[in-house]
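A.B. asks: Contents of final_33.txt (compact mmCIF, C-alpha atoms) are below:
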```txt
# COMPACT_ATOMS: atom_id res chain seq x y z
CA MET A 1 89.58 -1.24 4.45
CA LEU A 2 85.87 -1.26 3.55
CA ASN A 3 83.34 -1.11 6.31
CA ILE A 4 80.61 -3.45 5.06
CA GLU A 5 78.36 -2.80 8.06
CA ASN A 6 78.23 0.92 7.36
CA LYS A 7 77.56 0.27 3.68
CA SER A 8 74.73 -2.09 4.60
CA ALA A 9 73.31 0.36 7.13
CA SER A 10 73.45 3.20 4.64
CA GLY A 11 71.69 0.99 2.04
CA ALA A 12 68.93 0.23 4.53
CA ARG A 13 68.73 3.91 5.43
CA SER A 14 68.44 4.95 1.77
CA LYS A 15 65.72 2.31 1.23
CA ALA A 16 63.81 3.70 4.24
CA ASP A 17 64.38 7.26 2.99
CA ALA A 18 63.02 6.28 -0.43
CA ARG A 19 59.91 4.74 1.15
CA ILE A 20 59.30 7.89 3.22
CA SER A 21 59.81 10.10 0.17
CA ILE A 22 57.33 7.99 -1.81
CA ALA A 23 54.85 8.07 1.09
CA ASP A 24 55.13 11.87 1.35
CA ASP A 25 54.72 12.32 -2.40
CA ILE A 26 51.61 10.13 -2.60
CA GLY A 27 50.26 11.83 0.53
CA ARG A 28 50.52 15.22 -1.20
CA VAL A 29 48.68 13.85 -4.24
CA TYR A 30 45.87 12.58 -2.01
CA VAL A 31 45.59 16.01 -0.34
CA ARG A 32 45.21 17.69 -3.75
CA TYR A 33 42.14 15.50 -4.30
CA GLY A 34 40.60 16.29 -0.92
CA LEU A 35 41.72 13.17 0.94
CA ALA A 36 43.63 13.02 4.20
CA LEU A 37 47.42 13.33 4.05
CA SER A 38 47.79 10.38 6.45
CA ILE A 39 45.76 8.09 4.18
CA GLY A 40 47.95 8.92 1.19
CA ARG A 41 51.16 8.56 3.20
CA VAL A 42 50.14 5.17 4.62
CA PHE A 43 49.14 3.96 1.15
CA GLY A 44 52.41 5.22 -0.32
CA LEU A 45 54.43 3.49 2.39
CA LEU A 46 52.60 0.19 1.89
CA LEU A 47 52.99 0.43 -1.89
CA ALA A 48 56.74 0.99 -1.48
CA SER A 49 57.22 -1.81 1.07
CA ASP A 50 58.22 -5.30 0.01
CA GLU A 51 56.84 -6.83 3.21
CA PRO A 52 53.59 -6.29 5.12
CA LEU A 53 53.87 -3.82 8.02
CA THR A 54 52.37 -3.64 11.50
CA LEU A 55 50.59 -0.51 12.67
CA ASP A 56 53.55 0.16 14.98
CA GLU A 57 55.96 0.00 12.01
CA ILE A 58 53.72 2.27 9.93
CA ALA A 59 53.39 4.79 12.75
CA ARG A 60 57.11 4.77 13.60
CA THR A 61 58.23 5.06 9.95
CA LEU A 62 55.86 7.92 9.15
CA GLY A 63 56.10 9.66 12.53
CA ILE A 64 52.35 9.48 13.14
CA SER A 65 50.29 8.08 16.00
CA LYS A 66 49.34 4.42 15.99
CA SER A 67 45.66 5.43 16.05
CA GLY A 68 46.22 7.64 12.98
CA ALA A 69 47.92 4.74 11.22
CA SER A 70 45.04 2.46 12.20
CA VAL A 71 42.34 4.81 10.89
CA ALA A 72 44.21 5.28 7.60
CA ALA A 73 44.84 1.55 7.18
CA ARG A 74 41.16 0.73 7.84
CA ASP A 75 40.03 3.36 5.33
CA LEU A 76 42.41 1.97 2.71
CA GLU A 77 41.22 -1.55 3.48
CA ARG A 78 37.59 -0.46 3.06
CA VAL A 79 38.25 0.83 -0.48
CA GLY A 80 40.14 -2.34 -1.36
CA VAL A 81 43.69 -1.08 -1.91
CA VAL A 82 45.12 -2.59 1.30
CA HIS A 83 44.74 -6.04 2.86
CA ARG A 84 44.83 -6.89 6.55
CA LEU A 85 46.76 -10.04 7.37
CA GLY A 86 46.52 -11.91 10.65
CA THR A 87 49.53 -13.57 12.22
CA PRO A 88 48.80 -17.19 13.25
CA GLY A 89 48.89 -17.57 17.04
CA SER A 90 49.12 -13.82 17.60
CA LYS A 91 46.92 -10.74 17.83
CA ARG A 92 49.41 -8.89 15.65
CA VAL A 93 47.91 -7.49 12.45
CA LEU A 94 49.90 -6.71 9.33
CA TYR A 95 48.90 -4.54 6.39
CA GLU A 96 50.03 -4.69 2.78
CA ALA A 97 49.04 -3.00 -0.46
CA THR A 98 46.97 -5.15 -2.78
CA GLU A 99 48.52 -6.56 -5.93
CA SER A 100 45.47 -5.52 -8.00
CA MET A 101 45.36 -1.79 -8.48
CA GLU A 102 42.00 -1.57 -10.27
CA SER A 103 40.31 -0.75 -6.99
CA THR A 104 42.25 2.52 -6.81
CA PHE A 105 39.90 3.83 -9.48
CA ALA A 106 36.66 2.74 -7.78
CA GLY A 107 36.44 5.96 -5.78
CA THR A 108 37.04 8.05 -8.87
CA PHE A 109 34.31 6.19 -10.78
CA ALA A 110 31.90 6.66 -7.87
CA ARG A 111 32.59 10.42 -7.75
CA VAL A 112 32.08 10.79 -11.51
CA GLN A 113 28.84 8.78 -11.26
CA ASP A 114 27.62 10.98 -8.37
CA SER A 115 28.47 14.09 -10.39
CA LEU A 116 26.61 12.70 -13.37
CA HIS A 117 23.45 12.13 -11.29
CA ALA A 118 23.61 15.68 -9.94
CA MET A 119 24.10 17.08 -13.45
CA HIS A 120 21.15 15.07 -14.79
CA ARG A 121 18.98 16.58 -12.03
CA ALA A 122 20.33 20.06 -12.76
CA HIS A 123 19.73 19.69 -16.50
CA ALA A 124 16.10 18.71 -15.86
CA GLN A 125 15.55 21.84 -13.74
CA LEU A 126 17.05 24.39 -16.11
CA ALA A 127 15.02 26.36 -18.60
CA PRO A 128 16.16 26.29 -22.24
CA GLY A 129 19.22 28.51 -22.78
CA ARG A 130 22.98 28.65 -22.44
CA ALA A 131 23.08 27.17 -18.93
CA LYS A 132 21.00 24.16 -20.01
CA ARG A 133 23.28 23.62 -23.05
CA ARG A 134 26.39 23.76 -20.81
CA MET A 135 24.82 21.32 -18.36
CA LYS A 136 23.95 18.96 -21.22
CA GLU A 137 27.59 19.10 -22.33
CA MET A 138 28.69 18.24 -18.77
CA VAL A 139 26.29 15.27 -18.70
CA GLU A 140 27.60 14.03 -22.05
CA VAL A 141 31.28 14.33 -21.12
CA HIS A 142 30.70 12.46 -17.84
CA GLU A 143 28.77 9.71 -19.64
CA PHE A 144 31.56 9.47 -22.21
CA TRP A 145 34.22 9.31 -19.46
CA LEU A 146 32.40 6.49 -17.67
CA ARG A 147 31.90 4.48 -20.90
CA GLU A 148 35.54 4.88 -21.88
CA SER A 149 36.76 4.10 -18.37
CA SER A 150 34.97 0.78 -18.24
CA GLY A 151 36.64 -0.12 -21.55
CA ILE A 152 40.03 0.83 -20.13
CA ILE A 153 39.50 -1.42 -17.10
CA GLU A 154 38.47 -4.33 -19.33
CA ARG A 155 41.53 -3.87 -21.53
CA TRP A 156 43.71 -3.70 -18.39
CA ARG A 157 42.25 -6.98 -17.10
CA ARG A 158 42.95 -8.71 -20.41
CA ARG A 159 46.49 -7.31 -20.45
CA ARG A 160 47.18 -8.57 -16.93
CA GLN A 161 45.97 -12.05 -17.88
CA THR A 162 48.41 -12.27 -20.78
CA ARG A 163 51.46 -11.29 -18.71
```
Would you mind writing the file out in structure tokens?

C.D. replies:
Amino acid sequence: MLNIENKSASGARSKADARISIADDIGRVYVRYGLALSIGRVFGLLLASDEPLTLDEIARTLGISKSGASVAARDLERVGVVHRLGTPGSKRVLYEATESMESTFAGTFARVQDSLHAMHRAHAQLAPGRAKRRMKEMVEVHEFWLRESSGIIERWRRRRQTR
């Protein structure tokens, strides 16, 4: 005789395990780029969740403190990859990943732009020679990257509109 309850429970458990695995994987990626593990894990969990989650659910699922979940969720909200949702008639707050993923690149664009400004300043300070030529190459590759990136985002927007 089949035990449907156990099958259902194991399906829910494997779904939760998958969400935790995804959260851990994205957390490790974020760490490689100098961001907090908790921010990447919270983002990964919200990306992998079909429904919005409370801070308590985020904290319990990831095994982190509620205050850690709150800080990570607010940081993700600030960069535009997570939305905060109020619950009518309640103080309960829910978080969900945004449906538009363009904002995930905003931080990368800002860092490349900051690097470009620093390299322009450095290029202006260097005397003619190998170092100045290398710095000019760095300026040019960053300018190229930014130009191409804006084209990629525009093409992505057009593609999303036709789907």

A.B. asks: Need to verify the contact set: segment 115-117 of chain A, 12 Å, only C-alpha atoms, exclusion of same-chain residues closer than 3 positions in sequence. Can you return it as a CSV table (one decimal) with C-alpha atoms, in the frame of the given file?

C.D. replies:
```csv
chain,number,residue,atom,x,y,z
A,108,THR,CA,37.0,8.0,-8.9
A,109,PHE,CA,34.3,6.2,-10.8
A,110,ALA,CA,31.9,6.7,-7.9
A,111,ARG,CA,32.6,10.4,-7.8
A,112,VAL,CA,32.1,10.8,-11.5
A,120,HIS,CA,21.2,15.1,-14.8
A,121,ARG,CA,19.0,16.6,-12.0
A,122,ALA,CA,20.3,20.1,-12.8
A,123,HIS,CA,19.7,19.7,-16.5
A,124,ALA,CA,16.1,18.7,-15.9
A,135,MET,CA,24.8,21.3,-18.4
A,136,LYS,CA,24.0,19.0,-21.2
A,137,GLU,CA,27.6,19.1,-22.3
A,138,MET,CA,28.7,18.2,-18.8
A,139,VAL,CA,26.3,15.3,-18.7
A,140,GLU,CA,27.6,14.0,-22.0
A,141,VAL,CA,31.3,14.3,-21.1
A,142,HIS,CA,30.7,12.5,-17.8
A,143,GLU,CA,28.8,9.7,-19.6
A,144,PHE,CA,31.6,9.5,-22.2
A,145,TRP,CA,34.2,9.3,-19.5
A,146,LEU,CA,32.4,6.5,-17.7
```

A.B. asks: Please indicate the distance in Å from atom CA of Ile39 of chain A to atom CA of Pro88 of chain A, rounded to one decimal place.

C.D. replies: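 Between atom CA of Ile39 of chain A and atom CA of Pro88 of chain A the gap is 27.0 Å.
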
A.B. asks: Once 3 Å is added on each side, what are the centre and the three edge lengths, in Å to one decimal, of the axis-aligned box enclosing the listed atoms of segment 87-95 of chain A? Present them as JSON.

C.D. replies:
```
{"center_x": 48.4, "center_y": -11.1, "center_z": 12.1, "size_x": 9.0, "size_y": 19.0, "size_z": 17.4}
```

A.B. asks: Which is closer to Asp50 of chain A than all the others in A:Arg158, A:His83, A:Arg19, A:Arg133, using only C-alpha atoms?

C.D. replies: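 Closest candidate: A:Arg19.
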
A.B. asks: Taking only C-alpha atoms into account, name the residue in A:Pro52, A:Arg159, A:Glu148, A:Leu46 that is nearest to Thr87 of chain A.

C.D. replies: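 Between A:Pro52, A:Arg159, A:Glu148, A:Leu46, the residue approaching Thr87 of chain A most closely is A:Pro52.
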
A.B. asks: Tell me, as a PyMOL selection string, which residues lie within 9 Å of Val93 of chain A, counting all atoms listed in the file; anything in the same chain fewer than 6 positions away does not count.

C.D. replies: chain A and resi 53-55+84-87

A.B. asks: What's the separation between atom CA of Ala118 of chain A and atom CA of Ala72 of chain A, in Å to one decimal place?

C.D. replies: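 These two atoms are separated by 29.0 Å.
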
A.B. asks: Atom CA of Gly44 of chain A to atom CA of Ala97 of chain A: how many Å, to one decimal?

C.D. replies: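 Between these atoms lies a distance of 8.9 Å.
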
A.B. asks: Between A:Phe43, A:Arg134, A:Arg60, A:Gly68, which is the closest to Tyr95 of chain A once you count only C-alpha atoms?

C.D. replies: A:Phe43

A.B. asks: Quick one: contact table of segment 45-151 of chain A to segment 21-25 of chain A, 9 Å max, nearest atom pair and distance in Å to one decimal per residue, counting all atoms listed in the file, chain and number order, as CSV?

C.D. replies:
```
residue,atom,partner,partner_atom,distance
A:Leu45,CA,A:Ala23,CA,4.8
A:Leu46,CA,A:Ala23,CA,8.2
A:Leu47,CA,A:Ala23,CA,8.4
A:Ala48,CA,A:Ile22,CA,7.0
A:Leu62,CA,A:Ala23,CA,8.1
```

A.B. asks: Could you check which of A:Gly63, A:Ser70, A:Ala131, A:Met119 is closest to Leu94 of chain A, using only C-alpha atoms?

C.D. replies: A:Ser70
